[in-house]
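Enquirer: Below is the file upload.csv, with CSV, N, CA and C atoms.
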chain,number,residue,atom,x,y,z
C,1003,MET,N,3.6,172.0,111.3
C,1003,MET,CA,4.1,172.6,112.6
C,1003,MET,C,5.5,173.1,112.4
C,1004,ILE,N,5.8,174.3,112.8
C,1004,ILE,CA,7.1,174.9,112.8
C,1004,ILE,C,7.6,174.9,114.2
C,1005,ILE,N,8.8,174.4,114.4
C,1005,ILE,CA,9.4,174.3,115.7
C,1005,ILE,C,10.6,175.3,115.7
C,1006,HIS,N,10.6,176.2,116.5
C,1006,HIS,CA,11.8,177.1,116.7
C,1006,HIS,C,12.7,176.5,117.8
C,1007,ASN,N,14.0,176.7,117.6
C,1007,ASN,CA,15.0,176.2,118.5
C,1007,ASN,C,14.8,174.7,118.7
C,1008,LEU,N,14.8,173.9,117.6
C,1008,LEU,CA,14.7,172.5,117.7
C,1008,LEU,C,15.9,172.0,118.4
C,1009,LYS,N,15.7,171.1,119.4
C,1009,LYS,CA,16.8,170.5,120.1
C,1009,LYS,C,16.9,169.0,119.9
C,1010,ILE,N,18.0,168.5,119.5
C,1010,ILE,CA,18.3,167.1,119.2
C,1010,ILE,C,19.4,166.7,120.1
C,1011,CYS,N,19.2,165.6,120.8
C,1011,CYS,CA,20.2,165.1,121.7
C,1011,CYS,C,20.7,163.7,121.3
C,1012,HIS,N,22.0,163.4,121.5
C,1012,HIS,CA,22.5,162.1,121.2
C,1012,HIS,C,23.1,161.6,122.5
C,1013,ILE,N,22.9,160.3,122.8
C,1013,ILE,CA,23.5,159.7,124.0
C,1013,ILE,C,23.9,158.3,123.7
C,1014,ASN,N,25.1,157.9,124.1
C,1014,ASN,CA,25.5,156.5,124.1
C,1014,ASN,C,25.2,155.9,125.4
C,1015,VAL,N,24.2,154.9,125.4
C,1015,VAL,CA,23.7,154.5,126.7
C,1015,VAL,C,24.3,153.2,127.2
C,1016,ARG,N,24.9,152.4,126.4
C,1016,ARG,CA,25.4,151.0,126.8
C,1016,ARG,C,24.3,150.2,127.5
C,1017,SER,N,23.2,150.0,126.8
C,1017,SER,CA,22.1,149.2,127.2
C,1017,SER,C,21.0,150.1,127.7
C,1018,ILE,N,20.0,150.4,126.9
C,1018,ILE,CA,18.9,151.2,127.2
C,1018,ILE,C,18.0,150.6,128.2
C,1019,TYR,N,18.0,149.2,128.2
C,1019,TYR,CA,17.1,148.5,129.1
C,1019,TYR,C,17.5,148.6,130.6
C,1020,ALA,N,18.8,148.9,130.8
C,1020,ALA,CA,19.3,149.0,132.2
C,1020,ALA,C,18.6,150.2,132.9
C,1021,SER,N,18.2,150.0,134.1
C,1021,SER,CA,17.4,151.1,134.8
C,1021,SER,C,18.1,152.4,135.0
C,1022,ARG,N,19.4,152.3,135.1
C,1022,ARG,CA,20.2,153.5,135.2
C,1022,ARG,C,20.1,154.4,134.0
C,1023,CYS,N,19.9,153.8,132.8
C,1023,CYS,CA,19.8,154.6,131.6
C,1023,CYS,C,18.5,155.3,131.5
C,1024,HIS,N,17.4,154.8,132.1
C,1024,HIS,CA,16.1,155.4,132.0
C,1024,HIS,C,16.2,156.8,132.8
C,1025,ASN,N,17.0,156.8,133.8
C,1025,ASN,CA,17.2,158.1,134.5
C,1025,ASN,C,17.9,159.1,133.6
C,1026,LYS,N,18.9,158.7,132.9
C,1026,LYS,CA,19.5,159.6,131.9
C,1026,LYS,C,18.6,160.1,130.9
C,1027,LEU,N,17.8,159.2,130.3
C,1027,LEU,CA,16.8,159.6,129.3
C,1027,LEU,C,15.8,160.5,129.8
C,1028,ASP,N,15.3,160.3,131.0
C,1028,ASP,CA,14.2,161.2,131.6
C,1028,ASP,C,14.8,162.6,131.7
C,1029,GLU,N,16.0,162.7,132.1
C,1029,GLU,CA,16.6,164.0,132.3
C,1029,GLU,C,16.8,164.7,130.9
C,1030,LEU,N,17.2,164.0,129.9
C,1030,LEU,CA,17.5,164.6,128.6
C,1030,LEU,C,16.2,164.9,127.9
C,1031,ALA,N,15.1,164.1,128.2
C,1031,ALA,CA,13.8,164.3,127.5
C,1031,ALA,C,13.2,165.7,127.8
C,1032,VAL,N,13.6,166.3,128.9
C,1032,VAL,CA,13.1,167.6,129.3
C,1032,VAL,C,13.5,168.6,128.3
C,1033,VAL,N,14.7,168.5,127.6
C,1033,VAL,CA,15.2,169.5,126.7
C,1033,VAL,C,15.2,169.2,125.3
C,1034,ALA,N,14.9,167.9,124.9
C,1034,ALA,CA,15.1,167.5,123.5
C,1034,ALA,C,13.8,167.1,122.8
C,1035,TYR,N,13.6,167.5,121.6
C,1035,TYR,CA,12.5,167.0,120.8
C,1035,TYR,C,12.8,165.7,120.2
C,1036,ILE,N,14.0,165.4,119.9
C,1036,ILE,CA,14.5,164.2,119.3
C,1036,ILE,C,15.6,163.7,120.1
C,1037,LEU,N,15.5,162.4,120.6
C,1037,LEU,CA,16.6,161.8,121.4
C,1037,LEU,C,17.2,160.6,120.7
C,1038,CYS,N,18.4,160.8,120.2
C,1038,CYS,CA,19.1,159.7,119.4
C,1038,CYS,C,19.9,158.9,120.4
C,1039,VAL,N,19.8,157.6,120.2
C,1039,VAL,CA,20.5,156.6,121.2
C,1039,VAL,C,21.4,155.7,120.4
C,1040,THR,N,22.6,155.6,120.8
C,1040,THR,CA,23.5,154.5,120.2
C,1040,THR,C,23.9,153.5,121.3
C,1041,GLU,N,24.4,152.4,120.9
C,1041,GLU,CA,24.7,151.3,121.8
C,1041,GLU,C,23.5,150.9,122.7
C,1042,SER,N,22.3,150.8,122.0
C,1042,SER,CA,21.1,150.5,122.8
C,1042,SER,C,21.1,149.1,123.3
C,1043,TRP,N,21.8,148.2,122.7
C,1043,TRP,CA,21.9,146.8,123.1
C,1043,TRP,C,20.6,146.1,123.2
C,1044,MET,N,19.7,146.5,122.3
C,1044,MET,CA,18.4,145.9,122.2
C,1044,MET,C,18.3,144.7,121.2
C,1045,SER,N,17.4,143.8,121.4
C,1045,SER,CA,17.1,142.8,120.5
C,1045,SER,C,15.6,142.7,120.2
C,1046,SER,N,15.2,142.0,119.2
C,1046,SER,CA,13.8,142.0,118.8
C,1046,SER,C,12.9,141.3,119.8
C,1047,ASN,N,13.5,140.6,120.8
C,1047,ASN,CA,12.7,140.0,121.8
C,1047,ASN,C,12.3,140.9,123.0
C,1048,VAL,N,12.7,142.2,122.9
C,1048,VAL,CA,12.3,143.2,123.9
C,1048,VAL,C,11.3,144.1,123.2
C,1049,ASP,N,10.1,144.2,123.8
C,1049,ASP,CA,9.0,145.0,123.3
C,1049,ASP,C,9.2,146.5,123.6
C,1050,ASN,N,8.7,147.4,122.8
C,1050,ASN,CA,8.8,148.8,123.0
C,1050,ASN,C,8.1,149.2,124.3
C,1051,SER,N,7.2,148.4,124.8
C,1051,SER,CA,6.4,148.7,126.0
C,1051,SER,C,7.4,148.6,127.2
C,1052,CYS,N,8.5,148.0,127.1
C,1052,CYS,CA,9.5,147.9,128.2
C,1052,CYS,C,10.4,149.1,128.3
C,1053,ILE,N,10.4,150.0,127.3
C,1053,ILE,CA,11.3,151.1,127.3
C,1053,ILE,C,10.6,152.4,126.9
C,1054,PRO,N,9.4,152.7,127.5
C,1054,PRO,CA,8.7,153.9,127.2
C,1054,PRO,C,9.4,155.2,127.7
C,1055,LEU,N,9.2,156.3,127.0
C,1055,LEU,CA,9.6,157.6,127.5
C,1055,LEU,C,8.5,158.5,127.4
C,1056,SER,N,8.1,159.1,128.5
C,1056,SER,CA,6.9,159.9,128.6
C,1056,SER,C,7.0,161.1,127.6
C,1057,GLY,N,5.9,161.3,126.9
C,1057,GLY,CA,5.8,162.4,125.9
C,1057,GLY,C,6.4,162.1,124.5
C,1058,TYR,N,6.9,160.9,124.4
C,1058,TYR,CA,7.5,160.5,123.1
C,1058,TYR,C,6.7,159.3,122.5
C,1059,SER,N,6.7,159.3,121.2
C,1059,SER,CA,6.2,158.1,120.5
C,1059,SER,C,7.0,156.9,120.7
C,1060,GLU,N,6.5,155.7,120.4
C,1060,GLU,CA,7.3,154.5,120.5
C,1060,GLU,C,8.6,154.8,119.7
C,1061,PRO,N,9.7,154.3,120.3
C,1061,PRO,CA,11.0,154.5,119.6
C,1061,PRO,C,11.2,153.8,118.3
C,1062,PHE,N,11.9,154.5,117.4
C,1062,PHE,CA,12.3,153.9,116.1
C,1062,PHE,C,13.6,153.1,116.5
C,1063,ARG,N,13.6,151.8,116.1
C,1063,ARG,CA,14.8,151.0,116.5
C,1063,ARG,C,15.4,150.3,115.3
C,1064,LEU,N,16.7,150.1,115.4
C,1064,LEU,CA,17.5,149.3,114.5
C,1064,LEU,C,18.4,148.4,115.5
C,1065,ASP,N,17.9,147.3,115.8
C,1065,ASP,CA,18.5,146.4,116.8
C,1065,ASP,C,19.6,145.5,116.1
C,1066,ARG,N,20.7,145.3,116.8
C,1066,ARG,CA,21.7,144.4,116.3
C,1066,ARG,C,21.3,142.9,116.6
C,1067,ASN,N,20.5,142.7,117.6
C,1067,ASN,CA,20.1,141.3,118.0
C,1067,ASN,C,21.3,140.4,118.5
C,1068,SER,N,22.3,141.0,118.9
C,1068,SER,CA,23.4,140.4,119.6
C,1068,SER,C,24.0,141.3,120.6
C,1069,HIS,N,25.0,140.9,121.4
C,1069,HIS,CA,25.5,141.7,122.4
C,1069,HIS,C,26.1,143.0,121.8
C,1070,GLY,N,25.7,144.1,122.4
C,1070,GLY,CA,26.3,145.4,121.9
C,1070,GLY,C,25.5,146.0,120.7
C,1071,GLY,N,25.9,147.2,120.4
C,1071,GLY,CA,25.4,147.8,119.2
C,1071,GLY,C,23.9,148.2,119.3
C,1072,GLY,N,23.4,148.6,118.1
C,1072,GLY,CA,22.0,149.0,118.0
C,1072,GLY,C,21.8,150.5,118.1
C,1073,VAL,N,20.9,151.1,117.3
C,1073,VAL,CA,20.6,152.5,117.4
C,1073,VAL,C,19.1,152.7,117.5
C,1074,MET,N,18.6,153.8,118.1
C,1074,MET,CA,17.2,154.0,118.2
C,1074,MET,C,17.0,155.5,118.4
C,1075,ALA,N,15.8,156.0,118.2
C,1075,ALA,CA,15.4,157.4,118.3
C,1075,ALA,C,14.1,157.5,118.9
C,1076,TYR,N,14.0,158.4,119.9
C,1076,TYR,CA,12.7,158.8,120.4
C,1076,TYR,C,12.3,160.2,119.8
C,1077,VAL,N,11.1,160.4,119.4
C,1077,VAL,CA,10.6,161.6,118.8
C,1077,VAL,C,9.4,162.1,119.6
C,1078,LYS,N,9.4,163.4,120.0
C,1078,LYS,CA,8.2,163.9,120.7
C,1078,LYS,C,6.9,163.6,119.9
C,1079,ARG,N,5.9,163.3,120.6
C,1079,ARG,CA,4.6,162.9,120.0
C,1079,ARG,C,4.0,163.9,119.1
C,1080,ASP,N,4.3,165.2,119.3
C,1080,ASP,CA,3.7,166.2,118.4
C,1080,ASP,C,4.5,166.5,117.1
C,1081,LEU,N,5.5,165.7,116.9
C,1081,LEU,CA,6.3,165.8,115.6
C,1081,LEU,C,5.9,164.7,114.7
C,1082,PHE,N,5.6,165.0,113.5
C,1082,PHE,CA,5.4,163.9,112.5
C,1082,PHE,C,6.7,163.4,111.9
C,1083,CYS,N,6.9,162.1,112.0
C,1083,CYS,CA,8.2,161.6,111.6
C,1083,CYS,C,8.0,160.2,111.0
C,1084,THR,N,8.7,159.9,109.9
C,1084,THR,CA,8.7,158.5,109.3
C,1084,THR,C,10.1,158.1,109.2
C,1085,ARG,N,10.3,156.8,109.3
C,1085,ARG,CA,11.6,156.2,109.1
C,1085,ARG,C,11.9,155.9,107.6
C,1086,ARG,N,13.0,156.2,107.1
C,1086,ARG,CA,13.4,156.0,105.7
C,1086,ARG,C,14.3,154.7,105.6
C,1087,ARG,N,13.6,153.6,105.6
C,1087,ARG,CA,14.3,152.3,105.5
C,1087,ARG,C,15.0,152.2,104.1
C,1088,ASP,N,14.5,152.9,103.1
C,1088,ASP,CA,15.1,152.9,101.8
C,1088,ASP,C,16.5,153.4,101.8
C,1089,LEU,N,16.9,154.2,102.7
C,1089,LEU,CA,18.2,154.7,102.8
C,1089,LEU,C,19.2,153.9,103.7
C,1090,GLU,N,18.6,152.9,104.4
C,1090,GLU,CA,19.4,152.1,105.3
C,1090,GLU,C,20.0,150.9,104.5
C,1091,GLN,N,21.2,150.4,104.9
C,1091,GLN,CA,21.9,149.3,104.3
C,1091,GLN,C,22.1,148.2,105.3
C,1092,PRO,N,21.9,147.0,104.9
C,1092,PRO,CA,22.2,145.8,105.8
C,1092,PRO,C,23.6,145.9,106.4
C,1093,GLY,N,23.7,145.6,107.6
C,1093,GLY,CA,25.0,145.5,108.3
C,1093,GLY,C,25.6,146.9,108.7
C,1094,VAL,N,24.9,148.0,108.4
C,1094,VAL,CA,25.3,149.3,108.8
C,1094,VAL,C,24.4,149.9,109.8
C,1095,GLU,N,24.9,150.2,111.0
C,1095,GLU,CA,24.0,150.7,112.1
C,1095,GLU,C,23.8,152.2,111.9
C,1096,ILE,N,22.9,152.5,111.0
C,1096,ILE,CA,22.5,153.9,110.8
C,1096,ILE,C,21.0,153.9,110.4
C,1097,MET,N,20.3,154.9,111.0
C,1097,MET,CA,18.9,155.0,110.8
C,1097,MET,C,18.6,156.4,110.3
C,1098,TRP,N,17.7,156.5,109.3
C,1098,TRP,CA,17.3,157.7,108.7
C,1098,TRP,C,15.9,158.0,109.1
C,1099,LEU,N,15.6,159.3,109.5
C,1099,LEU,CA,14.2,159.7,109.8
C,1099,LEU,C,13.9,160.9,109.0
C,1100,ASP,N,12.7,161.0,108.6
C,1100,ASP,CA,12.2,162.2,107.7
C,1100,ASP,C,11.2,162.9,108.5
C,1101,PHE,N,11.3,164.2,108.6
C,1101,PHE,CA,10.4,165.1,109.4
C,1101,PHE,C,9.7,166.0,108.4
Let me see the file written as structure tokens.
Expert:
Amino acid sequence: MIIHNLKICHINVRSIYASRCHNKLDELAVVAYILCVTESWMSSNVDNSCIPLSGYSEPFRLDRNSHGGGVMAYVKRDLFCTRRRDLEQPGVEIMWLDF
């Protein structure tokens, strides 16, 4: 699939789980194929089903599992994407995706 005018958006949400952040994401999802999120404040005890975004696959997540931090990315369902864990390093909040 070739995508012309690919749009990628980044947002620092300070807790993706807070309801006010879902409103921000819904607005940005209208224009972006890839939505990158920092300061997600997520932990492994929160399931992806709690943070869905219509039209996007389940988010790729790198949780800090403590207060603050964390990164994640939502990718439109029609884009094929894999996470490159081999490029990630423990203790560094960076996530690599391959399209």
Enquirer: Need to verify the contact set: stretch 1055-1068 of chain C, 7 Å, all atoms listed in the file, exclusion of same-chain residues closer than 2 positions in sequence. Can you return it as a compact mmCIF listing (two decimals) with N, CA and C atoms, keeping the file's coordinate frame?
Expert:
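selection_19.txt written:
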# COMPACT_ATOMS: atom_id res chain seq x y z
N TRP C 1043 21.80 148.20 122.70
CA TRP C 1043 21.90 146.80 123.10
C TRP C 1043 20.60 146.10 123.20
N MET C 1044 19.70 146.50 122.30
CA MET C 1044 18.40 145.90 122.20
C MET C 1044 18.30 144.70 121.20
N SER C 1045 17.40 143.80 121.40
CA SER C 1045 17.10 142.80 120.50
C SER C 1045 15.60 142.70 120.20
N SER C 1046 15.20 142.00 119.20
CA SER C 1046 13.80 142.00 118.80
C SER C 1046 12.90 141.30 119.80
N ASN C 1050 8.70 147.40 122.80
CA ASN C 1050 8.80 148.80 123.00
C ASN C 1050 8.10 149.20 124.30
N ILE C 1053 10.40 150.00 127.30
CA ILE C 1053 11.30 151.10 127.30
C ILE C 1053 10.60 152.40 126.90
N GLY C 1070 25.70 144.10 122.40
CA GLY C 1070 26.30 145.40 121.90
C GLY C 1070 25.50 146.00 120.70
N GLY C 1071 25.90 147.20 120.40
CA GLY C 1071 25.40 147.80 119.20
C GLY C 1071 23.90 148.20 119.30
N GLY C 1072 23.40 148.60 118.10
CA GLY C 1072 22.00 149.00 118.00
C GLY C 1072 21.80 150.50 118.10
N VAL C 1073 20.90 151.10 117.30
CA VAL C 1073 20.60 152.50 117.40
C VAL C 1073 19.10 152.70 117.50
N MET C 1074 18.60 153.80 118.10
CA MET C 1074 17.20 154.00 118.20
C MET C 1074 17.00 155.50 118.40
N ALA C 1075 15.80 156.00 118.20
CA ALA C 1075 15.40 157.40 118.30
C ALA C 1075 14.10 157.50 118.90
N TYR C 1076 14.00 158.40 119.90
CA TYR C 1076 12.70 158.80 120.40
C TYR C 1076 12.30 160.20 119.80
N VAL C 1077 11.10 160.40 119.40
CA VAL C 1077 10.60 161.60 118.80
C VAL C 1077 9.40 162.10 119.60
N LYS C 1078 9.40 163.40 120.00
CA LYS C 1078 8.20 163.90 120.70
C LYS C 1078 6.90 163.60 119.90
N ARG C 1079 5.90 163.30 120.60
CA ARG C 1079 4.60 162.90 120.00
C ARG C 1079 4.00 163.90 119.10
N ASP C 1080 4.30 165.20 119.30
CA ASP C 1080 3.70 166.20 118.40
C ASP C 1080 4.50 166.50 117.10
N GLU C 1095 24.90 150.20 111.00
CA GLU C 1095 24.00 150.70 112.10
C GLU C 1095 23.80 152.20 111.90
N MET C 1097 20.30 154.90 111.00
CA MET C 1097 18.90 155.00 110.80
C MET C 1097 18.60 156.40 110.30
Enquirer: Looking at only C-alpha atoms, which of C:Val1094, C:Cys1011, C:Ile1005, C:Cys1083 is the one that sits closest to C:Leu1030?
Expert: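 Ranked by minimum distance to C:Leu1030, first place goes to C:Cys1011.
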Enquirer: Please identify which residues in chain C DSSP calls alpha helix (DSSP H) from the backbone, and express them as a ChimeraX atom specification.
Expert: /C:1021-1031
Enquirer: With only N, CA and C atoms as the atoms that count, which of C:Leu1081, C:Leu1089, C:Val1039, C:Leu1099 lies nearest to C:Arg1016?
Expert: C:Val1039
Enquirer: May I ask for the distance between atom CA of C:Ser1017 and atom CA of C:Ser1051, given in Å to one decimal place?
Expert: 15.8 Å
Enquirer: So the first atom is atom CA of C:Leu1027 and the second is atom C of C:His1012; what is the distance between them in Å, to one decimal place?
Expert: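 Straight-line distance from atom CA of C:Leu1027 to atom C of C:His1012 works out to 9.5 Å.
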Enquirer: Let me make sure I understand: among C:Glu1041, C:His1069, C:Thr1084, C:Cys1052, which one has the smallest atom-to-atom distance to C:Asp1100 if we use only C-alpha atoms?
Expert: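 Result for the nearest residue to C:Asp1100: C:Thr1084.
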Enquirer: I'd like the interatomic distance between atom CA of C:Ile1036 and atom CA of C:Leu1008, to a tenth of an Å.
Expert: 8.5 Å
Enquirer: So that I can check the secondary structure, give me every residue of stretch 1004-1101 of chain C assigned strand (DSSP E) by backbone DSSP, as a PyMOL selection string.
Expert: chain C and resi 1010-1014+1036-1040+1062-1064+1073-1077+1084-1085+1099-1100
